[in-house]
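Taking it in order: structure first as structure tokens, then the write-up.
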Amino acid sequence: MTDLSLSNQSIATKPAPPTEATAFRLPTQWIGVAPFFVFALMFLIMPTLYLVIGAFQTGEGGFTLDNVLQLVSDPSIANSYWVSIKISFWSAIVGAFAGLAIAVAIVRGGLPSWVRSATLTFSGVASNFAGLPLAFAFIATLGRVGIVTVLLRDIFNLNIYALGFNFLTTWGLIVVYLFFQIPLMVVIIVPAIDGLKKEWNEAAATLGATQWQYWRMVVIPVLFPSFLGTVILLFANAFGAIATAYAFAGPQLNIVPIKLYSQINGDVLHNPQLGYAIAFGMIVITGLANVFYIWFRTRSERWLK
Amino acid sequence: MKSGKFWAWVVFGIGTAYFFIPLLATFEFSLRMRRGVHSFDAYQVVLGDPRFQATFLYSVVAAIFTIILGVLIVVPAAYWIRLRLPQIRPVVEFITLLPLVIPAIVIVFGYIRMYGSNSPLPFLASDLGASALLVIGYATLALPYMYRAVDTGLRTIDVRTLTEAAQILGAGWGTIITRVILPNVLIAVLSGAFLTFAIVIGEFTMASLLNRPAFGPYLQNIGANRAYEPAALAIIAFAITWGCMSLIQILSRFAPKSANRPN
């Protein structure tokens, strides 16, 4: 008995359980988490690995790098990656700064308290209002016969489509994506701003710091990890989004998720293995973004200590 | 400080304009189906459409099964980690975050290739199997939110003491989880459930690629073929999302405020 409890420090430090239970515990130790791990393996990890392995296989099962290399050499695929990355990157950056501005305004701006709670409630809703209905809303607003389009044309004599506006351009999609990107930033960053203690501001002021120095040397370093983490989350959020863009143009729009969607539906690239490679590329990009985040975070945490 | 307040109002005003103009415009647009007057015709057409009713019902049922599956997977795991295996928490947290990193379309693509009609586990060979796979896929999408909600709920109760007390009174594991732990984290579980519902109800990618008669593909079909109905559907979808989020907020008022234990 002593032997067993010594071999497991975490058990040894806790109140001793009944003897009989200890004898039965070893095989049942994992039983509570077993469904979770079986589920995660079968429906999250293995399907993903299957695609990753498939990306490096020929149709006959031999090893090849052709599929992955084709992601870069095929101009249409390479271009779809580039467009997707641009949209995701800029919608994440703009969304993050706009969300931060709103969060700072409602937490630190001295606005009445109902503004804060109303904004937070609305942000919770809007951050989950994505996909097809979001596209419908923007078509009704800024589509060719949308309310705002018509108003601008009739009252201000301003034809936004003649000026080059289109949902299918990079900036057209970014404007739409911001509708869920900004609120997501608000929802995540407000608690972080709440965590800034008033005393820090007072301490900085006592030491003679200007408001700008307080922001540069206290607020930004403290908020930076959660800010950057949210930017990465926003990036992945936009990168995988398909329904909104699909509602605007169907399969024509050349972004990665729509390309993969068409490929799954009808093998439009005439090479099933290439589909795996596209999926693999998507995982690599969102995965790299996260590695970058973790690396940055450990760096900044070192500074915080 | 005065100018700070001014800028705060400016930022808030711009934000309000960006978010409310599309919503108001969509609402106005949805009322225009009958020429010359405002009417709720578009809503009547949509709500009276048998395909709307059938697909919406399908998605509601799928959402309910997703929630049940999510609870069955997450609650025992989160409980067990708090009670017995705190050392594997980082691994589990990492796994629950994966669905935020791996896009839904990649996950469902993996399913289609792994669980096709000719595979050892042919989920896609039957309608029921494909629907089961859709529910499973939705459960993975909801995993990050469900896990976080339940884990937050467990943090506010003293898992170990409750478990030991129940054991002393002779309760088995099933009883402890269903009659002691679950009621204590019910509000957290319900919050996760409503969030899951909001995510799942209009989901398009998975439902479409698994060829299920769900609400998402129906929305896509209407969006591609009609003018005013999509606006009405957007308003309905927004109302559903709003309803789910409001329920979560109301529930959070009943949640225990203070943690009995640190960590």
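By order in the structure tokens, chains are A, B, ...; within a chain, residues start at 1; ligands start at 1, following the order shown.
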request  = For region 45-57 of chain B, work out the shell of residues within 8 Å, counting only C-alpha atoms and skipping chain neighbours fewer than 3 positions away, then give it as a PyMOL selection string.
outcome  = chain B and resi 41-42+60-61+201+213-215+218+229+232-233
key: Spatial neighbours of Gly99 (chain A), 12 Å, only C-alpha atoms, chain gap at least 2 places, as a PyMOL selection string   = (chain A and resi 91-97+101-106+119-120+123+127+178-190+227+230-231+234) or (chain B and resi 11-12+14-15)
For the residues selected in the previous step, produce a file with N, CA and C atoms as an mmCIF file, in the first residue's frame.
```
data_model
loop_
_atom_site.group_PDB
_atom_site.id
_atom_site.type_symbol
_atom_site.label_atom_id
_atom_site.label_comp_id
_atom_site.auth_asym_id
_atom_site.auth_seq_id
_atom_site.Cartn_x
_atom_site.Cartn_y
_atom_site.Cartn_z
ATOM 1 N N SER A 91 -8.944 41.278 -41.869
ATOM 2 C CA SER A 91 -10.160 41.325 -41.057
ATOM 3 C C SER A 91 -9.813 41.089 -39.589
ATOM 4 N N ALA A 92 -8.764 40.282 -39.330
ATOM 5 C CA ALA A 92 -8.339 40.075 -37.944
ATOM 6 C C ALA A 92 -7.710 41.343 -37.371
ATOM 7 N N ILE A 93 -6.840 41.984 -38.157
ATOM 8 C CA ILE A 93 -6.148 43.184 -37.665
ATOM 9 C C ILE A 93 -7.140 44.331 -37.448
ATOM 10 N N VAL A 94 -7.924 44.622 -38.482
ATOM 11 C CA VAL A 94 -8.886 45.726 -38.356
ATOM 12 C C VAL A 94 -9.903 45.414 -37.258
ATOM 13 N N GLY A 95 -10.399 44.166 -37.263
ATOM 14 C CA GLY A 95 -11.371 43.770 -36.246
ATOM 15 C C GLY A 95 -10.800 43.889 -34.846
ATOM 16 N N ALA A 96 -9.530 43.499 -34.695
ATOM 17 C CA ALA A 96 -8.909 43.532 -33.376
ATOM 18 C C ALA A 96 -8.777 44.969 -32.868
ATOM 19 N N PHE A 97 -8.296 45.881 -33.735
ATOM 20 C CA PHE A 97 -8.109 47.254 -33.267
ATOM 21 C C PHE A 97 -9.445 47.958 -33.046
ATOM 22 N N ALA A 101 -10.712 49.316 -29.510
ATOM 23 C CA ALA A 101 -11.153 50.697 -29.317
ATOM 24 C C ALA A 101 -12.524 50.726 -28.633
ATOM 25 N N ILE A 102 -13.430 49.870 -29.088
ATOM 26 C CA ILE A 102 -14.763 49.836 -28.483
ATOM 27 C C ILE A 102 -14.666 49.377 -27.032
ATOM 28 N N ALA A 103 -13.836 48.346 -26.793
ATOM 29 C CA ALA A 103 -13.703 47.817 -25.441
ATOM 30 C C ALA A 103 -13.149 48.885 -24.494
ATOM 31 N N VAL A 104 -12.107 49.585 -24.942
ATOM 32 C CA VAL A 104 -11.529 50.635 -24.100
ATOM 33 C C VAL A 104 -12.566 51.736 -23.864
ATOM 34 N N ALA A 105 -13.325 52.069 -24.925
ATOM 35 C CA ALA A 105 -14.318 53.125 -24.796
ATOM 36 C C ALA A 105 -15.376 52.764 -23.761
ATOM 37 N N ILE A 106 -15.844 51.511 -23.773
ATOM 38 C CA ILE A 106 -16.934 51.187 -22.848
ATOM 39 C C ILE A 106 -16.436 50.875 -21.443
ATOM 40 N N THR A 119 -23.533 46.845 -24.875
ATOM 41 C CA THR A 119 -22.512 46.490 -25.861
ATOM 42 C C THR A 119 -22.072 45.043 -25.688
ATOM 43 N N LEU A 120 -21.884 44.626 -24.426
ATOM 44 C CA LEU A 120 -21.433 43.253 -24.201
ATOM 45 C C LEU A 120 -22.487 42.247 -24.653
ATOM 46 N N SER A 123 -22.518 42.223 -28.387
ATOM 47 C CA SER A 123 -21.318 41.576 -28.928
ATOM 48 C C SER A 123 -21.431 40.063 -28.855
ATOM 49 N N SER A 127 -21.194 38.210 -32.390
ATOM 50 C CA SER A 127 -20.048 37.346 -32.654
ATOM 51 C C SER A 127 -20.509 35.961 -33.081
ATOM 52 N N LEU A 178 -16.055 41.792 -40.593
ATOM 53 C CA LEU A 178 -15.871 42.595 -39.377
ATOM 54 C C LEU A 178 -17.097 42.527 -38.477
ATOM 55 N N PHE A 179 -18.238 42.189 -39.073
ATOM 56 C CA PHE A 179 -19.463 42.146 -38.277
ATOM 57 C C PHE A 179 -19.384 41.083 -37.181
ATOM 58 N N PHE A 180 -18.624 40.008 -37.410
ATOM 59 C CA PHE A 180 -18.445 39.057 -36.293
ATOM 60 C C PHE A 180 -17.054 39.150 -35.672
ATOM 61 N N GLN A 181 -16.086 39.709 -36.417
ATOM 62 C CA GLN A 181 -14.734 39.808 -35.868
ATOM 63 C C GLN A 181 -14.643 40.843 -34.729
ATOM 64 N N ILE A 182 -15.208 42.021 -34.954
ATOM 65 C CA ILE A 182 -15.133 43.079 -33.935
ATOM 66 C C ILE A 182 -15.800 42.631 -32.627
ATOM 67 N N PRO A 183 -17.042 42.119 -32.673
ATOM 68 C CA PRO A 183 -17.674 41.718 -31.407
ATOM 69 C C PRO A 183 -16.919 40.607 -30.691
ATOM 70 N N LEU A 184 -16.311 39.691 -31.463
ATOM 71 C CA LEU A 184 -15.553 38.621 -30.815
ATOM 72 C C LEU A 184 -14.387 39.214 -30.026
ATOM 73 N N MET A 185 -13.725 40.201 -30.636
ATOM 74 C CA MET A 185 -12.634 40.875 -29.945
ATOM 75 C C MET A 185 -13.155 41.535 -28.666
ATOM 76 N N VAL A 186 -14.291 42.222 -28.761
ATOM 77 C CA VAL A 186 -14.853 42.912 -27.596
ATOM 78 C C VAL A 186 -15.123 41.915 -26.474
ATOM 79 N N VAL A 187 -15.777 40.792 -26.843
ATOM 80 C CA VAL A 187 -16.149 39.803 -25.832
ATOM 81 C C VAL A 187 -14.921 39.285 -25.092
ATOM 82 N N ILE A 188 -13.819 39.064 -25.830
ATOM 83 C CA ILE A 188 -12.645 38.447 -25.197
ATOM 84 C C ILE A 188 -11.780 39.483 -24.470
ATOM 85 N N ILE A 189 -11.689 40.695 -25.028
ATOM 86 C CA ILE A 189 -10.703 41.633 -24.482
ATOM 87 C C ILE A 189 -11.264 42.442 -23.296
ATOM 88 N N VAL A 190 -12.589 42.588 -23.197
ATOM 89 C CA VAL A 190 -13.136 43.375 -22.085
ATOM 90 C C VAL A 190 -12.721 42.808 -20.721
ATOM 91 N N PHE A 227 -4.388 40.107 -26.352
ATOM 92 C CA PHE A 227 -4.711 40.773 -27.609
ATOM 93 C C PHE A 227 -4.220 39.946 -28.798
ATOM 94 N N THR A 230 -6.141 36.784 -29.344
ATOM 95 C CA THR A 230 -7.429 36.992 -29.977
ATOM 96 C C THR A 230 -7.264 37.272 -31.461
ATOM 97 N N VAL A 231 -6.206 37.999 -31.828
ATOM 98 C CA VAL A 231 -5.957 38.249 -33.255
ATOM 99 C C VAL A 231 -5.806 36.916 -33.990
ATOM 100 N N LEU A 234 -9.137 35.324 -34.333
ATOM 101 C CA LEU A 234 -9.910 35.985 -35.386
ATOM 102 C C LEU A 234 -9.419 35.537 -36.763
ATOM 103 N N VAL B 11 -16.304 56.684 -30.644
ATOM 104 C CA VAL B 11 -16.055 55.285 -30.975
ATOM 105 C C VAL B 11 -17.346 54.483 -30.855
ATOM 106 N N PHE B 12 -18.054 54.716 -29.761
ATOM 107 C CA PHE B 12 -19.299 53.975 -29.546
ATOM 108 C C PHE B 12 -20.309 54.285 -30.650
ATOM 109 N N ILE B 14 -19.708 55.289 -33.807
ATOM 110 C CA ILE B 14 -19.329 54.657 -35.080
ATOM 111 C C ILE B 14 -19.664 53.168 -35.039
ATOM 112 N N GLY B 15 -19.323 52.547 -33.913
ATOM 113 C CA GLY B 15 -19.632 51.121 -33.766
ATOM 114 C C GLY B 15 -21.122 50.855 -33.893
#
```
query = Which chain B residues are at most 6 Å from chain A (counting only C-alpha atoms), as a count of residues only?
reply = 20
request  = Pick out each residue of region 145-191 of chain A that DSSP on the backbone tags as alpha helix (DSSP H); I need them as a ChimeraX atom specification.
outcome  = /A:147-155,170-191
Give me a file of those residues, with N, CA and C atoms, as a compact mmCIF listing (two decimals), in the first residue's frame.
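Result saved to selection-v1.txt:
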```
# COMPACT_ATOMS: atom_id res chain seq x y z
N ILE A 147 -30.90 48.56 -49.29
CA ILE A 147 -31.46 49.81 -48.79
C ILE A 147 -30.45 50.94 -48.81
N VAL A 148 -29.26 50.67 -48.27
CA VAL A 148 -28.26 51.74 -48.18
C VAL A 148 -27.74 52.11 -49.57
N THR A 149 -27.54 51.10 -50.41
CA THR A 149 -27.10 51.37 -51.78
C THR A 149 -28.06 52.34 -52.47
N VAL A 150 -29.36 52.04 -52.37
CA VAL A 150 -30.38 52.85 -53.03
C VAL A 150 -30.45 54.25 -52.41
N LEU A 151 -30.37 54.31 -51.09
CA LEU A 151 -30.39 55.62 -50.41
C LEU A 151 -29.23 56.49 -50.87
N LEU A 152 -28.03 55.90 -50.89
CA LEU A 152 -26.85 56.66 -51.31
C LEU A 152 -27.02 57.14 -52.75
N ARG A 153 -27.59 56.28 -53.58
CA ARG A 153 -27.74 56.63 -54.98
C ARG A 153 -28.78 57.76 -55.14
N ASP A 154 -29.92 57.64 -54.44
CA ASP A 154 -31.01 58.60 -54.65
C ASP A 154 -30.76 59.93 -53.95
N ILE A 155 -30.18 59.88 -52.76
CA ILE A 155 -30.04 61.13 -52.01
C ILE A 155 -28.71 61.80 -52.28
N THR A 170 -11.64 41.68 -51.99
CA THR A 170 -11.07 41.42 -50.67
C THR A 170 -11.68 42.34 -49.62
N TRP A 171 -11.76 43.65 -49.94
CA TRP A 171 -12.25 44.57 -48.92
C TRP A 171 -13.75 44.45 -48.71
N GLY A 172 -14.46 44.05 -49.77
CA GLY A 172 -15.90 43.79 -49.62
C GLY A 172 -16.14 42.72 -48.57
N LEU A 173 -15.39 41.62 -48.67
CA LEU A 173 -15.57 40.53 -47.70
C LEU A 173 -15.10 40.95 -46.31
N ILE A 174 -14.03 41.74 -46.27
CA ILE A 174 -13.52 42.16 -44.96
C ILE A 174 -14.58 42.99 -44.22
N VAL A 175 -15.23 43.90 -44.95
CA VAL A 175 -16.27 44.73 -44.33
C VAL A 175 -17.35 43.84 -43.70
N VAL A 176 -17.70 42.77 -44.42
CA VAL A 176 -18.74 41.86 -43.89
C VAL A 176 -18.20 41.06 -42.70
N TYR A 177 -16.99 40.51 -42.84
CA TYR A 177 -16.43 39.69 -41.77
C TYR A 177 -16.27 40.47 -40.46
N LEU A 178 -16.06 41.79 -40.59
CA LEU A 178 -15.87 42.60 -39.38
C LEU A 178 -17.10 42.53 -38.48
N PHE A 179 -18.24 42.19 -39.07
CA PHE A 179 -19.46 42.15 -38.28
C PHE A 179 -19.38 41.08 -37.18
N PHE A 180 -18.62 40.01 -37.41
CA PHE A 180 -18.45 39.06 -36.29
C PHE A 180 -17.05 39.15 -35.67
N GLN A 181 -16.09 39.71 -36.42
CA GLN A 181 -14.73 39.81 -35.87
C GLN A 181 -14.64 40.84 -34.73
N ILE A 182 -15.21 42.02 -34.95
CA ILE A 182 -15.13 43.08 -33.94
C ILE A 182 -15.80 42.63 -32.63
N PRO A 183 -17.04 42.12 -32.67
CA PRO A 183 -17.67 41.72 -31.41
C PRO A 183 -16.92 40.61 -30.69
N LEU A 184 -16.31 39.69 -31.46
CA LEU A 184 -15.55 38.62 -30.81
C LEU A 184 -14.39 39.21 -30.03
N MET A 185 -13.72 40.20 -30.64
CA MET A 185 -12.63 40.88 -29.94
C MET A 185 -13.16 41.53 -28.67
N VAL A 186 -14.29 42.22 -28.76
CA VAL A 186 -14.85 42.91 -27.60
C VAL A 186 -15.12 41.91 -26.47
N VAL A 187 -15.78 40.79 -26.84
CA VAL A 187 -16.15 39.80 -25.83
C VAL A 187 -14.92 39.28 -25.09
N ILE A 188 -13.82 39.06 -25.83
CA ILE A 188 -12.64 38.45 -25.20
C ILE A 188 -11.78 39.48 -24.47
N ILE A 189 -11.69 40.70 -25.03
CA ILE A 189 -10.70 41.63 -24.48
C ILE A 189 -11.26 42.44 -23.30
N VAL A 190 -12.59 42.59 -23.20
CA VAL A 190 -13.14 43.38 -22.09
C VAL A 190 -12.72 42.81 -20.72
N PRO A 191 -12.83 41.47 -20.51
CA PRO A 191 -12.35 40.95 -19.22
C PRO A 191 -10.88 41.26 -18.98
```
ask   = In Å, how far is it from CA of Phe109 (chain B) to CA of Gly202 (chain B)?
value = 19.1 Å
Please provide the set of residues having any atom within 10 Å of Pro225 (chain A), restricted to only C-alpha atoms, with same-chain residues fewer than 4 positions apart removed, written as a short mmCIF file (atom, residue, chain, number, x, y, z; two decimals) with N, CA and C atoms, in the first residue's frame.
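Done, and the output landed in selection-v1.cif:
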```cif
data_model
loop_
_atom_site.label_atom_id
_atom_site.label_comp_id
_atom_site.auth_asym_id
_atom_site.auth_seq_id
_atom_site.Cartn_x
_atom_site.Cartn_y
_atom_site.Cartn_z
N ALA A 192 -10.07 41.23 -20.05
CA ALA A 192 -8.64 41.53 -19.88
C ALA A 192 -8.44 42.98 -19.44
N ILE A 220 -0.14 48.25 -22.41
CA ILE A 220 0.11 47.47 -23.63
C ILE A 220 0.84 46.17 -23.31
N PRO A 221 1.92 46.18 -22.50
CA PRO A 221 2.56 44.89 -22.18
C PRO A 221 1.63 43.90 -21.49
N GLY A 229 -3.40 36.80 -28.85
CA GLY A 229 -4.12 35.53 -28.91
C GLY A 229 -5.45 35.68 -29.61
N THR A 230 -6.14 36.78 -29.34
CA THR A 230 -7.43 36.99 -29.98
C THR A 230 -7.26 37.27 -31.46
N VAL A 231 -6.21 38.00 -31.83
CA VAL A 231 -5.96 38.25 -33.26
C VAL A 231 -5.81 36.92 -33.99
N TYR A 293 1.78 32.38 -32.00
CA TYR A 293 1.17 32.95 -30.81
C TYR A 293 1.81 32.41 -29.53
N ILE A 294 1.98 31.08 -29.48
CA ILE A 294 2.54 30.47 -28.26
C ILE A 294 3.97 30.98 -28.03
N PHE A 296 5.25 33.81 -29.05
CA PHE A 296 5.18 35.21 -28.63
C PHE A 296 4.76 35.34 -27.18
N ARG A 297 3.82 34.49 -26.81
CA ARG A 297 3.27 34.55 -25.48
C ARG A 297 4.31 34.19 -24.43
N THR A 298 5.08 33.13 -24.71
CA THR A 298 6.11 32.75 -23.74
C THR A 298 7.14 33.86 -23.62
N ARG A 299 7.46 34.50 -24.75
CA ARG A 299 8.38 35.64 -24.70
C ARG A 299 7.85 36.76 -23.81
N SER A 300 6.56 37.12 -24.06
CA SER A 300 6.03 38.27 -23.33
C SER A 300 5.80 37.92 -21.86
N GLU A 301 5.50 36.63 -21.58
CA GLU A 301 5.32 36.26 -20.18
C GLU A 301 6.64 36.36 -19.43
#
```
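Reported to one decimal place, the separation of CA of Glu202 (chain A) from CA of Pro112 (chain A) is 22.6 Å.
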ask   = Can you tell me how far CA of Lys198 (chain A) sits from CA of Ser226 (chain A), in Å to one decimal?
value =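 Straight-line distance from CA of Lys198 (chain A) to CA of Ser226 (chain A) works out to 19.0 Å.
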Residue among B:Ile88, B:Ile112, B:Leu83, B:Ala78 lying closest to Met146 (chain B), counting only C-alpha atoms =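 Ranking B:Ile88, B:Ile112, B:Leu83, B:Ala78 by distance to Met146 (chain B), first place goes to B:Ala78.
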query = If we count only C-alpha atoms, what is near Leu121 (chain B) at a cut-off of 12 Å, once residues fewer than 3 positions away on the same chain are taken out, given as a PyMOL selection string?
reply = (chain A and resi 42-43) or (chain B and resi 111-118+124-126+129-130+133)
Same residues, C-alpha atoms, output as a short mmCIF file (atom, residue, chain, number, x, y, z; two decimals), in the first residue's frame:
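Just written: out06.cif:
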```cif
data_model
loop_
_atom_site.label_atom_id
_atom_site.label_comp_id
_atom_site.auth_asym_id
_atom_site.auth_seq_id
_atom_site.Cartn_x
_atom_site.Cartn_y
_atom_site.Cartn_z
CA MET A 42 -12.10 9.09 -33.63
CA PHE A 43 -13.73 12.31 -34.69
CA TYR B 111 -15.22 12.26 -41.93
CA ILE B 112 -16.30 11.82 -45.54
CA ARG B 113 -13.09 10.01 -46.39
CA MET B 114 -12.81 7.97 -43.17
CA TYR B 115 -16.41 6.96 -42.65
CA GLY B 116 -17.60 6.52 -46.25
CA SER B 117 -19.79 3.62 -47.39
CA ASN B 118 -16.80 1.34 -48.01
CA LEU B 124 -22.35 7.45 -44.52
CA ALA B 125 -23.94 4.25 -45.82
CA SER B 126 -27.33 5.13 -44.28
CA GLY B 129 -25.66 7.14 -39.90
CA ALA B 130 -25.04 10.35 -41.82
CA LEU B 133 -22.13 11.85 -38.11
#
```
Within 8 Å of region 68-75 of chain A using only C-alpha atoms, minus same-chain residues under 2 positions, as a CSV table (one decimal) with N, CA and C atoms, in the first residue's frame:
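So the final result, stored in out.csv, reads:
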```
chain,number,residue,atom,x,y,z
A,55,ALA,N,-2.3,13.7,-48.0
A,55,ALA,CA,-1.7,14.8,-48.7
A,55,ALA,C,-0.3,14.4,-49.2
A,56,PHE,N,0.3,13.4,-48.6
A,56,PHE,CA,1.7,13.0,-49.0
A,56,PHE,C,1.7,11.7,-49.7
A,65,LEU,N,5.6,14.2,-52.8
A,65,LEU,CA,5.5,15.6,-52.4
A,65,LEU,C,4.7,16.4,-53.4
A,66,ASP,N,4.3,15.7,-54.5
A,66,ASP,CA,3.7,16.5,-55.6
A,66,ASP,C,2.5,17.3,-55.2
A,77,ILE,N,-4.7,27.7,-57.3
A,77,ILE,CA,-4.7,27.3,-55.8
A,77,ILE,C,-3.9,28.3,-55.0
A,78,ALA,N,-2.7,28.6,-55.5
A,78,ALA,CA,-1.8,29.5,-54.8
A,78,ALA,C,-2.5,30.8,-54.6
A,79,ASN,N,-3.2,31.3,-55.6
A,79,ASN,CA,-4.0,32.6,-55.5
A,79,ASN,C,-5.1,32.5,-54.5
A,274,LEU,N,-5.2,15.9,-54.3
A,274,LEU,CA,-4.9,17.4,-54.2
A,274,LEU,C,-5.9,18.0,-53.1
A,277,ALA,N,-4.3,17.7,-49.9
A,277,ALA,CA,-3.2,18.7,-49.8
A,277,ALA,C,-3.7,20.1,-49.4
A,278,ILE,N,-4.9,20.5,-50.0
A,278,ILE,CA,-5.5,21.8,-49.7
A,278,ILE,C,-5.9,21.8,-48.2
A,281,GLY,N,-2.8,22.2,-46.2
A,281,GLY,CA,-2.3,23.5,-46.2
A,281,GLY,C,-3.1,24.4,-45.2
```
